[in-house]
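**Student:** Quick one: structure below, then a few questions.
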Amino acid sequence: MDVALALGINASGLSEANKSWRNTMKKFLLGTLGLVAMAAPAVAADLPARTYKAPPMVAPLIYDWTGFYIGANGGYGWSNRCIDITAVNGIGNAAFAEGCRSAGGGVFGGQIGYRWQAGQWVFGLEAQGDWANLRNSRDSLRFPGETWKSNINGLGLFTGQIGYAWNASLLYFKGGAAVANARNDLFTTVGGVGIASAERTGWGGTVGVGWEYGFSPNWTAGIEYDYLFRTNNSNTFLTPTLTPVTAVSVNTRSDVNMITARINYRFGGPAVPHY
């Protein structure tokens, strides 16, 4: 006897039972998937948001003008020189104004100094020396047939500075004392025979303005204008060949203008972070 018949279950009954079981499992699985899909957004909303760490901030570099420096300069200068005869030994007429004349020439030299920076303000002290070739000549009005020749051959400036810096760019003003070495000669106009000469050094004052730029951590370049005023000299010329005059006393006045290009090397550290 068939087992199914023995148990009282026919073949069609078993088939119906299997189908019912499979349908139940499908419904269970579909329901489970639906619940998972509904719960996923809520779970995701409860998760903490992902944080992004910003890269570290780099402090900008600012040019540091503090330190000792040494450099060279060169350019052009011109001088307005006046000659006044104050005494003539051997004749009665003494004082006589020979007049003024401007002439120019080259200048070249060096400078050394120290600067210190406080915020954007820069303060400094500087000494500058220049060889110069500022020559001029004029016919003598007091001694017709003779010629005065003058030459400023050396300049010195001892100044204080105050400036304002925009990072590697510096605008500054300067002022202080100035010294000039000058030679004065009296020649015959025809033949150029020397009659008398004198060389003296005189002091005066100076003011100036300049702009400088740091094109590397320790090197700077710039341009500067200086005005030197009232560099006065008093000279006495012995004139044994200028008969009957035996000596001439002369007062000279000079105002000097200079425009120079400059380059400096600064001893010290490079640009520093500015917070």
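The way I read the labels, and the way they are meant: chains A, B, ... in the order of the structure tokens, residue 1 as the first residue of every chain, and ligand 1 as the first ligand shown, with later ones counted on from there.
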Ser169 (chain A): which residues within 7 Å, counting only C-alpha atoms, same-chain residues fewer than 3 positions away excluded, as a CSV table (one decimal) with C-alpha atoms, in the first residue's frame?
**Tutor:**
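And here is the file that came out, around.csv:
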```csv
chain,number,residue,atom,x,y,z
A,165,ALA,CA,57.6,99.7,4.9
A,166,TRP,CA,55.1,97.8,2.9
A,212,GLU,CA,64.3,100.8,-1.5
A,213,TYR,CA,63.1,97.3,-2.4
A,214,GLY,CA,64.2,93.9,-1.0
```
**Student:** Tell me, which residues of region 99-262 of chain A carry DSSP strand (DSSP E or B), written as a ChimeraX atom specification?
**Tutor:** /A:99-118,121-139,146-166,169-188,194-214,219-238,247-262
**Student:** Do a neighbour search on Phe123 (chain A) at 8 Å with only C-alpha atoms, toss out local chain neighbours closer than 3 positions, and write the hits as a ChimeraX atom specification.
**Tutor:** /A:115-117,160-163
**Student:** Quick one: residues within 9 Å of Thr206 (chain A), only C-alpha atoms, excluding same-chain residues fewer than 2 positions away - as a ChimeraX atom specification?
**Tutor:** /A:157-159,174-178,204,208,226-229
**Student:** Do a neighbour search on Ala97 (chain A) at 8 Å with only C-alpha atoms, toss out local chain neighbours closer than 2 positions, and write the hits as a short mmCIF file (atom, residue, chain, number, x, y, z; two decimals) with all heavy atoms, in the first residue's frame.
**Tutor:**
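Output (around26.cif):
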```cif
data_model
loop_
_atom_site.label_atom_id
_atom_site.label_comp_id
_atom_site.auth_asym_id
_atom_site.auth_seq_id
_atom_site.Cartn_x
_atom_site.Cartn_y
_atom_site.Cartn_z
N ILE A 83 81.49 132.26 -5.63
CA ILE A 83 82.80 132.74 -5.17
C ILE A 83 82.68 134.22 -4.83
O ILE A 83 82.24 135.03 -5.65
CB ILE A 83 83.88 132.53 -6.25
CG1 ILE A 83 84.08 131.03 -6.50
CG2 ILE A 83 85.20 133.17 -5.81
CD1 ILE A 83 85.12 130.73 -7.55
N ASP A 84 83.06 134.54 -3.61
CA ASP A 84 83.09 135.92 -3.15
C ASP A 84 84.50 136.25 -2.67
O ASP A 84 85.02 135.59 -1.78
CB ASP A 84 82.10 136.15 -2.01
CG ASP A 84 80.66 135.97 -2.44
OD1 ASP A 84 80.33 136.37 -3.57
OD2 ASP A 84 79.88 135.38 -1.67
N ILE A 85 85.11 137.25 -3.28
CA ILE A 85 86.43 137.71 -2.82
C ILE A 85 86.22 138.60 -1.60
O ILE A 85 85.44 139.56 -1.64
CB ILE A 85 87.15 138.50 -3.93
CG1 ILE A 85 87.41 137.56 -5.11
CG2 ILE A 85 88.47 139.08 -3.40
CD1 ILE A 85 88.01 138.27 -6.31
N ALA A 95 86.57 143.61 -1.18
CA ALA A 95 85.46 142.68 -1.40
C ALA A 95 84.91 142.79 -2.81
O ALA A 95 84.79 143.88 -3.38
CB ALA A 95 84.36 142.95 -0.38
N GLY A 99 80.27 135.85 -8.35
CA GLY A 99 79.04 135.25 -8.85
C GLY A 99 78.98 133.74 -8.67
O GLY A 99 79.88 133.12 -8.10
#
```
**Student:** Which of these residues is nearest to Ala118 (chain A), using only C-alpha atoms: A:Thr66, A:Thr86, A:Asn80, A:Asn167?
**Tutor:** A:Thr66
**Student:** Please give the complete set of residues from region 32-256 of chain A that DSSP, run on the backbone, assigns to alpha helix (DSSP H), formatted as number ranges by chain.
**Tutor:** A: 32-46
**Student:** Would you mind exporting the chosen residues as a PDB file, in the first residue's frame, restricted to C-alpha atoms?
**Tutor:**
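Done, and the output landed in result_18.pdb:
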```pdb
ATOM      1  CA  THR A  32      11.439  41.753   5.947  1.00  0.00           C
ATOM      2  CA  LEU A  33      13.049  43.539   2.987  1.00  0.00           C
ATOM      3  CA  GLY A  34      10.431  46.287   3.159  1.00  0.00           C
ATOM      4  CA  LEU A  35      11.081  46.879   6.857  1.00  0.00           C
ATOM      5  CA  VAL A  36      14.858  47.086   6.225  1.00  0.00           C
ATOM      6  CA  ALA A  37      14.348  49.586   3.396  1.00  0.00           C
ATOM      7  CA  MET A  38      12.121  51.754   5.602  1.00  0.00           C
ATOM      8  CA  ALA A  39      14.524  51.673   8.543  1.00  0.00           C
ATOM      9  CA  ALA A  40      17.715  52.470   6.555  1.00  0.00           C
ATOM     10  CA  PRO A  41      17.095  56.266   6.115  1.00  0.00           C
ATOM     11  CA  ALA A  42      16.331  56.667   9.801  1.00  0.00           C
ATOM     12  CA  VAL A  43      19.492  54.844  10.816  1.00  0.00           C
ATOM     13  CA  ALA A  44      21.556  56.932   8.356  1.00  0.00           C
ATOM     14  CA  ALA A  45      20.062  60.137   9.779  1.00  0.00           C
ATOM     15  CA  ASP A  46      21.153  59.123  13.267  1.00  0.00           C
TER      16      ASP A  46
END
```
